[in-house]
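A.B. asks: Provided herewith: model.cif, mmCIF, C-alpha atoms.
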data_data
#
loop_
_atom_site.label_atom_id
_atom_site.label_comp_id
_atom_site.auth_asym_id
_atom_site.auth_seq_id
_atom_site.Cartn_x
_atom_site.Cartn_y
_atom_site.Cartn_z
CA MET A 21 0.00 0.00 0.00
CA GLU A 22 1.05 3.61 -0.52
CA LEU A 23 1.98 5.33 2.72
CA THR A 24 0.13 8.52 3.69
CA ASP A 25 1.18 10.87 6.52
CA VAL A 26 4.17 8.55 7.13
CA ARG A 27 7.51 8.30 5.33
CA TYR A 28 9.56 5.10 5.16
CA ASP A 29 13.25 5.28 4.23
CA LEU A 30 15.88 2.57 4.24
CA GLU A 31 19.34 3.51 5.51
CA GLY A 32 21.49 0.41 5.37
CA ALA A 33 20.24 -1.97 8.07
CA THR A 34 17.97 0.72 9.56
CA ALA A 35 14.43 1.70 8.59
CA LEU A 36 13.68 5.37 9.28
CA VAL A 37 9.94 5.85 9.85
CA THR A 38 8.82 9.50 9.99
CA LEU A 39 5.42 10.75 11.09
CA ASP A 40 4.71 13.23 8.29
CA ARG A 41 1.80 15.49 9.16
CA PRO A 42 3.74 18.51 10.41
CA ALA A 43 0.94 21.05 9.87
CA ALA A 44 -1.07 19.12 12.49
CA ARG A 45 1.99 18.55 14.71
CA ASN A 46 1.89 14.93 13.54
CA ALA A 47 -1.46 14.25 15.21
CA TYR A 48 -3.03 10.98 14.16
CA SER A 49 -5.18 10.65 11.08
CA GLU A 50 -6.86 7.45 9.87
CA ALA A 51 -4.28 7.30 7.07
CA MET A 52 -1.41 7.72 9.52
CA VAL A 53 -2.68 4.83 11.65
CA GLU A 54 -2.87 2.53 8.62
CA SER A 55 0.47 3.68 7.26
CA LEU A 56 2.34 3.41 10.56
CA VAL A 57 1.14 -0.16 11.07
CA HIS A 58 2.16 -0.98 7.50
CA ALA A 59 5.57 0.67 7.92
CA ILE A 60 6.32 -1.51 10.95
CA ASP A 61 5.15 -4.54 8.96
CA LEU A 62 7.58 -3.63 6.18
CA ALA A 63 10.49 -3.34 8.60
CA GLU A 64 9.66 -6.58 10.39
CA ARG A 65 9.38 -8.56 7.16
CA ASP A 66 12.61 -7.24 5.63
CA ASP A 67 15.55 -9.42 6.72
CA ALA A 68 17.96 -6.63 5.74
CA VAL A 69 16.41 -4.32 8.36
CA ARG A 70 17.74 -4.89 11.86
CA CYS A 71 16.57 -1.74 13.63
CA VAL A 72 13.87 0.92 13.25
CA ILE A 73 14.03 4.64 14.06
CA LEU A 74 10.72 6.43 14.62
CA THR A 75 10.68 10.23 14.50
CA GLY A 76 8.47 13.17 13.52
CA ALA A 77 8.61 15.76 10.74
CA GLY A 78 8.66 19.42 11.71
CA PRO A 79 8.93 20.82 15.25
CA ALA A 80 6.86 18.14 17.05
CA PHE A 81 7.19 14.40 17.50
CA SER A 82 3.43 13.95 17.87
CA ALA A 83 0.52 15.82 19.39
CA GLY A 84 -1.40 12.54 19.63
CA GLY A 85 -5.10 12.79 18.85
CA ASP A 86 -6.44 15.52 16.57
CA LEU A 87 -8.57 17.53 19.02
CA LYS A 88 -10.32 19.56 16.32
CA ARG A 89 -11.57 16.43 14.59
CA MET A 90 -12.42 14.94 17.97
CA LEU A 91 -14.56 17.97 18.90
CA ASN A 92 -16.32 17.79 15.53
CA LYS A 93 -16.83 14.01 15.86
CA GLU A 94 -15.16 13.37 12.52
CA GLY A 95 -13.61 10.17 11.19
CA MET A 96 -12.16 8.00 13.93
CA PHE A 97 -13.92 10.15 16.52
CA ALA A 98 -17.47 9.75 15.17
CA GLY A 99 -20.34 7.94 16.86
CA GLY A 100 -21.67 7.13 20.30
CA PRO A 101 -19.94 5.15 23.07
CA ALA A 102 -20.25 1.72 21.44
CA GLU A 103 -19.13 3.00 18.03
CA LEU A 104 -16.20 4.91 19.53
CA ARG A 105 -15.11 1.81 21.45
CA ARG A 106 -15.04 -0.17 18.21
CA ARG A 107 -13.18 2.60 16.39
CA TYR A 108 -10.47 2.67 19.06
CA ILE A 109 -10.05 -1.10 19.03
CA ASP A 110 -10.00 -1.30 15.22
CA GLY A 111 -8.07 1.96 14.80
CA ILE A 112 -5.44 3.56 17.00
CA GLN A 113 -5.07 0.47 19.21
CA ARG A 114 -3.76 -1.40 16.17
CA ILE A 115 -0.59 0.66 16.59
CA SER A 116 -0.31 -0.37 20.23
CA ARG A 117 -0.67 -4.05 19.37
CA ARG A 118 1.67 -3.90 16.37
CA LEU A 119 4.51 -2.20 18.21
CA ALA A 120 4.06 -4.49 21.21
CA LEU A 121 4.59 -7.49 18.92
CA ALA A 122 7.55 -6.05 16.98
CA ASP A 123 10.69 -8.14 17.48
CA LYS A 124 13.20 -5.71 16.03
CA PRO A 125 14.45 -2.85 18.24
CA ILE A 126 12.64 0.46 17.75
CA VAL A 127 14.42 3.69 18.67
CA ALA A 128 12.28 6.79 19.18
CA ALA A 129 14.05 9.98 18.07
CA LEU A 130 11.92 12.55 19.87
CA ASN A 131 12.49 15.73 17.90
CA GLY A 132 9.91 17.82 19.80
CA PRO A 133 6.84 17.62 22.02
CA ALA A 134 5.31 14.18 22.57
CA ILE A 135 1.91 14.86 24.10
CA GLY A 136 -1.03 12.60 24.91
CA ALA A 137 -1.07 9.69 22.47
CA GLY A 138 2.24 11.04 21.13
CA LEU A 139 3.85 10.28 24.48
CA ASP A 140 2.20 6.87 24.47
CA LEU A 141 3.67 6.17 21.04
CA ALA A 142 7.12 7.09 22.33
CA CYS A 143 6.64 4.68 25.24
CA MET A 144 5.76 1.88 22.81
CA CYS A 145 9.31 2.15 21.44
CA ASP A 146 12.20 0.35 23.11
CA LEU A 147 14.74 3.17 23.45
CA ARG A 148 14.09 6.91 23.48
CA LEU A 149 16.44 9.75 22.55
CA ALA A 150 15.19 13.32 22.99
CA ALA A 151 16.22 16.61 21.46
CA ARG A 152 16.84 19.32 24.02
CA GLY A 153 13.70 21.42 24.24
CA ALA A 154 11.31 18.49 23.78
CA GLN A 155 8.42 18.22 26.23
CA PHE A 156 6.31 15.30 27.36
CA GLY A 157 2.86 15.03 28.87
CA SER A 158 0.07 12.54 29.48
CA THR A 159 -2.52 15.30 29.23
CA PHE A 160 -5.70 13.32 28.61
CA VAL A 161 -7.54 14.32 31.81
CA LYS A 162 -6.95 17.99 31.02
CA VAL A 163 -9.24 17.65 28.00
CA GLY A 164 -11.68 15.26 29.67
CA LEU A 165 -10.27 12.04 28.22
CA VAL A 166 -8.45 8.85 29.19
CA PRO A 167 -5.44 7.25 27.39
CA GLY A 168 -7.58 5.41 24.85
CA ASP A 169 -4.63 3.84 23.05
CA GLY A 170 -3.46 1.94 26.14
CA GLY A 171 -1.09 4.66 27.28
CA ALA A 172 -1.68 3.92 30.97
CA TYR A 173 -0.07 0.52 30.38
CA PHE A 174 2.85 1.74 28.28
CA LEU A 175 3.75 4.75 30.44
CA ALA A 176 3.72 2.66 33.63
CA ARG A 177 5.91 0.05 31.97
CA ALA A 178 8.38 2.74 30.92
CA ILE A 179 8.76 4.67 34.20
CA GLY A 180 6.98 2.66 36.89
CA PHE A 181 3.43 2.81 38.22
CA SER A 182 3.81 5.58 40.80
CA ARG A 183 5.50 8.09 38.49
CA ALA A 184 3.15 7.25 35.63
CA LEU A 185 0.11 7.72 37.84
CA GLU A 186 1.32 11.15 38.97
CA LEU A 187 1.85 12.31 35.39
CA MET A 188 -1.51 10.97 34.23
CA LEU A 189 -3.54 12.38 37.12
CA THR A 190 -1.94 15.82 37.08
CA ALA A 191 -1.59 16.06 33.27
CA ARG A 192 1.71 17.78 34.02
CA VAL A 193 4.01 18.51 31.07
CA ILE A 194 7.68 17.87 31.81
CA ASP A 195 10.85 18.95 30.06
CA CYS A 196 13.56 16.69 28.68
CA ASP A 197 15.77 17.03 31.76
CA GLU A 198 13.06 15.71 34.05
CA ALA A 199 12.23 13.04 31.47
CA LEU A 200 15.85 11.92 31.61
CA ARG A 201 15.90 11.95 35.42
CA ILE A 202 12.85 9.70 35.74
CA GLY A 203 13.97 7.33 32.98
CA LEU A 204 11.35 8.30 30.42
CA VAL A 205 14.13 9.01 27.90
CA HIS A 206 17.54 7.40 27.81
CA ARG A 207 19.53 10.31 26.44
CA VAL A 208 19.13 14.02 25.66
CA VAL A 209 21.09 15.62 22.81
CA GLU A 210 21.08 18.92 20.96
CA PRO A 211 18.44 19.09 18.19
CA ASP A 212 20.95 18.87 15.34
CA GLU A 213 22.52 15.81 16.96
CA LEU A 214 19.29 13.85 17.37
CA LEU A 215 19.12 11.88 14.13
CA PRO A 216 22.90 11.27 14.03
CA ALA A 217 22.71 9.94 17.60
CA ALA A 218 19.70 7.77 16.74
CA ARG A 219 21.44 6.45 13.64
CA ALA A 220 24.58 5.66 15.65
CA LEU A 221 22.52 3.77 18.22
CA ALA A 222 20.63 1.92 15.50
CA SER A 223 23.93 0.97 13.85
CA GLU A 224 25.24 -0.29 17.17
CA LEU A 225 22.17 -2.50 17.59
CA ALA A 226 22.25 -3.63 13.96
CA ALA A 227 25.83 -4.83 14.39
CA LEU A 228 24.75 -7.40 17.00
CA PRO A 229 23.58 -10.96 16.21
CA PRO A 230 20.01 -10.31 14.99
CA VAL A 231 18.38 -13.49 16.28
CA ALA A 232 19.86 -13.05 19.77
CA LEU A 233 18.89 -9.37 19.74
CA ARG A 234 15.26 -10.08 18.85
CA LEU A 235 14.99 -12.94 21.35
CA THR A 236 16.51 -10.78 24.09
CA LYS A 237 13.93 -8.07 23.41
CA ARG A 238 11.15 -10.64 23.38
CA ALA A 239 12.38 -12.21 26.63
CA ALA A 240 12.47 -8.82 28.36
CA TYR A 241 8.91 -7.90 27.41
CA ARG A 242 7.37 -11.35 27.81
CA SER A 243 9.00 -11.76 31.24
CA HIS A 244 7.78 -8.40 32.52
CA ASP A 245 4.21 -9.44 33.34
CA VAL A 246 4.68 -13.08 34.34
CA GLY A 247 5.98 -14.96 37.37
CA LEU A 248 9.49 -16.31 37.83
CA ASP A 249 8.71 -19.84 36.64
CA ALA A 250 7.23 -18.61 33.36
CA ALA A 251 10.13 -16.18 32.86
CA LEU A 252 12.68 -18.94 33.42
CA GLU A 253 10.88 -21.22 30.99
CA LEU A 254 10.95 -18.47 28.37
CA ALA A 255 14.66 -17.87 29.00
CA ALA A 256 15.47 -21.57 28.59
CA THR A 257 13.46 -21.80 25.38
CA TYR A 258 15.00 -18.70 23.81
CA GLN A 259 18.49 -19.72 24.88
CA GLY A 260 17.94 -23.12 23.30
CA VAL A 261 17.27 -21.35 20.01
CA ALA A 262 20.07 -18.77 20.31
CA GLN A 263 22.74 -21.26 21.28
CA THR A 264 22.21 -23.29 18.10
CA THR A 265 22.55 -20.34 15.69
CA ALA A 266 25.48 -19.83 13.36
CA ASP A 267 25.84 -16.29 14.71
CA HIS A 268 26.44 -17.62 18.22
CA ARG A 269 29.26 -19.82 16.94
CA GLU A 270 30.64 -16.92 14.90
CA ALA A 271 30.52 -14.57 17.90
CA VAL A 272 32.46 -16.97 20.11
CA ALA A 273 34.97 -17.79 17.36
CA ALA A 274 35.57 -14.10 16.63
CA MET A 275 36.08 -13.37 20.32
CA LEU A 276 38.59 -16.19 20.72
CA GLU A 277 40.38 -15.27 17.49
CA ARG A 278 40.38 -11.55 18.37
CA ARG A 279 38.75 -10.46 15.12
CA PRO A 280 35.54 -8.60 14.19
CA PRO A 281 32.55 -10.93 13.88
CA ARG A 282 30.59 -11.41 10.66
CA PHE A 283 26.93 -12.00 11.51
CA THR A 284 24.48 -13.35 8.94
CA GLY A 285 21.28 -13.72 10.95
CA GLU A 286 21.48 -17.52 10.76
#
Could you express the structure from this file as C-alpha cells?
C.D. replies:
Amino acid sequence: MELTDVRYDLEGATALVTLDRPAARNAYSEAMVESLVHAIDLAERDDAVRCVILTGAGPAFSAGGDLKRMLNKEGMFAGGPAELRRRYIDGIQRISRRLALADKPIVAALNGPAIGAGLDLACMCDLRLAARGAQFGSTFVKVGLVPGDGGAYFLARAIGFSRALELMLTARVIDCDEALRIGLVHRVVEPDELLPAARALASELAALPPVALRLTKRAAYRSHDVGLDAALELAATYQGVAQTTADHREAVAAMLERRPPRFTGE
C-alpha cells in the first residue's frame, strides 16, 4: 500500500519511519494509523532491516489525537460510546498491538513535544532519545479524556506505576531534563545531533547478532508481566534457540580469534 502521513526510508540496516503530518503537529489521522502499522510490517518482514528509528517531521514528534476532529466528531472520533469503542479497538489500538509485537528494536528519536497519544507512542518504542527542548505530557484528563490507546499501560511500563500515575492524574508537562531523570528518555542531545545519535545507536544495535537481539527483546517484554517460573521457561526456550545459531558460533569464534565478527542472521 502507498503510505500517507508517514515516510519510510531505508538507511542500510535501519528503517527510518517519519510521522509526516507537520501542519497538524503529527497528530493521528486514519491514514497515519494505517500507514504506521504498515511501515512496521515492512520493517519486520525485511531481513535486511535490523533496527527501526521512529521520528516526527517538523517541530513536534506527535501531538497525539487531533482535538479539532475529535470535537467535531469526525472520522475515527465519530459515533456514540459503542461505536467509539469499536473505532479505538480497530483503529489507533492497532498501533499499540503492532509495536508491542515487533521483534526488532525500535528507537524513538523525539524531535519535539510528545503529548497525549504522542507520548504513548514514544513509550511503545524500546529506546528513546530526545532533542533538548522536547516536552512530554500525558494530558488526557486535562481535556476530559483517558489514554484510549493503552497509554496507561505503556507509560507505567516505561517509568513505573507511581510516576506514571502522577503524570496521568496531574496532566503535568515535563521537560527533557526531568524526562531523563525519571527514565522516560535514555539520552538528551542537541536538536541537530538527534538523528545522528539515533542512527549511531541503530547501527550499534544492527551490528549485533540479529536473532539473539530479537529474542533478548522478546524475553524482556514477555517476562515483565509473568511470574518467575514462566520467565525462566521463556529464557530456557529462547536460549535453546540462540545457542544453536550460526551467529552464536561466529561470535564466540571471533572473540577467541580476536577479530571482528561477521553476523548473517542464521
A.B. asks: Do you know which residues the PyMOL selection byres ((chain A and resi 156) around 9) returns on this file, as an mmCIF file with C-alpha atoms, in the frame of the given file?
C.D. replies:
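result.cif written:
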data_model
loop_
_atom_site.group_PDB
_atom_site.id
_atom_site.type_symbol
_atom_site.label_atom_id
_atom_site.label_comp_id
_atom_site.auth_asym_id
_atom_site.auth_seq_id
_atom_site.Cartn_x
_atom_site.Cartn_y
_atom_site.Cartn_z
ATOM 1 C CA GLY A 132 9.910 17.820 19.800
ATOM 2 C CA PRO A 133 6.840 17.620 22.020
ATOM 3 C CA ALA A 134 5.310 14.180 22.570
ATOM 4 C CA ILE A 135 1.910 14.860 24.100
ATOM 5 C CA GLY A 136 -1.030 12.600 24.910
ATOM 6 C CA GLY A 138 2.240 11.040 21.130
ATOM 7 C CA LEU A 139 3.850 10.280 24.480
ATOM 8 C CA ALA A 154 11.310 18.490 23.780
ATOM 9 C CA GLN A 155 8.420 18.220 26.230
ATOM 10 C CA GLY A 157 2.860 15.030 28.870
ATOM 11 C CA SER A 158 0.070 12.540 29.480
ATOM 12 C CA ARG A 192 1.710 17.780 34.020
ATOM 13 C CA VAL A 193 4.010 18.510 31.070
ATOM 14 C CA ILE A 194 7.680 17.870 31.810
ATOM 15 C CA ASP A 195 10.850 18.950 30.060
ATOM 16 C CA CYS A 196 13.560 16.690 28.680
ATOM 17 C CA ALA A 199 12.230 13.040 31.470
#
A.B. asks: Would you list the residues near (-2.1, 17.6, 12.9), meaning any protein, DNA or RNA residue with an atom at most 10 Å from that point in file coordinates, counting all atoms listed in the file, as an MDAnalysis selection string?
C.D. replies: chainID A and resid 25 40:49 80 82:89
A.B. asks: Kindly assemble as JSON lines a list of the region 125-182 of chain A residues that lie within 9 Å of region 231-245 of chain A, each paired with its nearest atom pair and their distance in Å to one decimal, using only C-alpha atoms, sorted first by chain and then by ascending residue number.
C.D. replies:
{"residue": "A:Pro125", "atom": "CA", "partner": "A:Arg234", "partner_atom": "CA", "distance": 7.3}
{"residue": "A:Asp146", "atom": "CA", "partner": "A:Lys237", "partner_atom": "CA", "distance": 8.6}
{"residue": "A:Arg177", "atom": "CA", "partner": "A:His244", "partner_atom": "CA", "distance": 8.7}
A.B. asks: Give me the residues of region 164-220 of chain A that have any atom at most 10 Å from an atom of region 224-230 of chain A; for each, the nearest atom pair and the distance in Å, rounded to one decimal. Use only C-alpha atoms, sort by chain and number, and format it as CSV.
C.D. replies:
residue,atom,partner,partner_atom,distance
A:Ala218,CA,A:Glu224,CA,9.8
A:Arg219,CA,A:Glu224,CA,8.5
A:Ala220,CA,A:Glu224,CA,6.2
A.B. asks: Quick one: distance from CA of Leu62 (chain A) to CA of Thr24 (chain A) in Å, one decimal?
C.D. replies: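 Going from CA of Leu62 (chain A) over to CA of Thr24 (chain A), I get 14.5 Å.
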A.B. asks: Run through the PyMOL selection byres ((chain A and resi 183) around 12) on the given coordinates and return the selected residues as a list in words.
C.D. replies: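 That expression, the PyMOL selection byres ((chain A and resi 183) around 12), corresponds here to Ser158, Ala172, Leu175, Ala176, Arg177, Ala178, Ile179, Gly180, Phe181, Ser182, Ala184, Leu185, Glu186, Leu187, Met188, Leu189, Thr190, Ala191, Arg192, Glu198, Ala199, Arg201, Ile202, Gly203 and Leu204 of chain A.
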A.B. asks: For His206 (chain A), find every residue with an atom within 7 Å (counting all atoms listed in the file), except residues of its own chain fewer than 3 positions away, and show them as a VMD selection string.
C.D. replies: chain A and resid 147 to 149 200 203
A.B. asks: What does the file look like for those residues with C-alpha atoms, as a tab-separated table (two decimals), in the coordinates of the input?
C.D. replies:
chain	number	residue	atom	x	y	z
A	147	LEU	CA	14.74	3.17	23.45
A	148	ARG	CA	14.09	6.91	23.48
A	149	LEU	CA	16.44	9.75	22.55
A	200	LEU	CA	15.85	11.92	31.61
A	203	GLY	CA	13.97	7.33	32.98
A.B. asks: Counting all atoms listed in the file, figure out which residue out of A:Leu39, A:Ala68, A:Ala255, A:Leu91 gets nearest to Gly164 (chain A).
C.D. replies: A:Leu91
A.B. asks: Using all atoms listed in the file, can you tell me which of A:Leu36, A:Ala142, A:Val208, A:Ile73 comes closest to Ile126 (chain A)?
C.D. replies: A:Ile73
A.B. asks: So which one's closest to Tyr108 (chain A), A:Val127, A:Val246, A:Val53, A:Leu74? Using all atoms listed in the file, please.
C.D. replies: A:Val53
A.B. asks: Near Val26 (chain A), counting only C-alpha atoms, which residues have an atom at most 7 Å away, once you skip same-chain residues fewer than 4 positions from it, shown as an MDAnalysis selection string?
C.D. replies: chainID A and resid 37:40 52 55:56
A.B. asks: The selected residues should be written to file as a compact mmCIF listing (two decimals), in the frame of the given file (atoms: C-alpha atoms).
C.D. replies:
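Now in part-v9.txt:
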# COMPACT_ATOMS: atom_id res chain seq x y z
CA VAL A 37 9.94 5.85 9.85
CA THR A 38 8.82 9.50 9.99
CA LEU A 39 5.42 10.75 11.09
CA ASP A 40 4.71 13.23 8.29
CA MET A 52 -1.41 7.72 9.52
CA SER A 55 0.47 3.68 7.26
CA LEU A 56 2.34 3.41 10.56
A.B. asks: For the point (17.8, 10.9, 19.0) in file coordinates, what residues are within 7 Å, counting all atoms listed in the file? Give the answer as a PyMOL selection string?
C.D. replies: chain A and resi 128-130+149-151+209+214-215+217-218
A.B. asks: Quick one: of A:Asn131, A:Asn92, A:Thr159, A:Ser223, who's nearest to Ala33 (chain A), counting only C-alpha atoms?
C.D. replies: A:Ser223
A.B. asks: Which one is closest to Glu50 (chain A): A:Gly32, A:Leu276, A:Ile115, A:Pro101? Count only C-alpha atoms.
C.D. replies: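 The closest residue to Glu50 (chain A) is A:Ile115.
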A.B. asks: Looking at A:Gly168, A:Gly260, A:Gly76, A:Pro216, which one is nearest to Leu104 (chain A), with distances taken over all atoms listed in the file?
C.D. replies: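 For Leu104 (chain A), the nearest of the candidates is A:Gly168.
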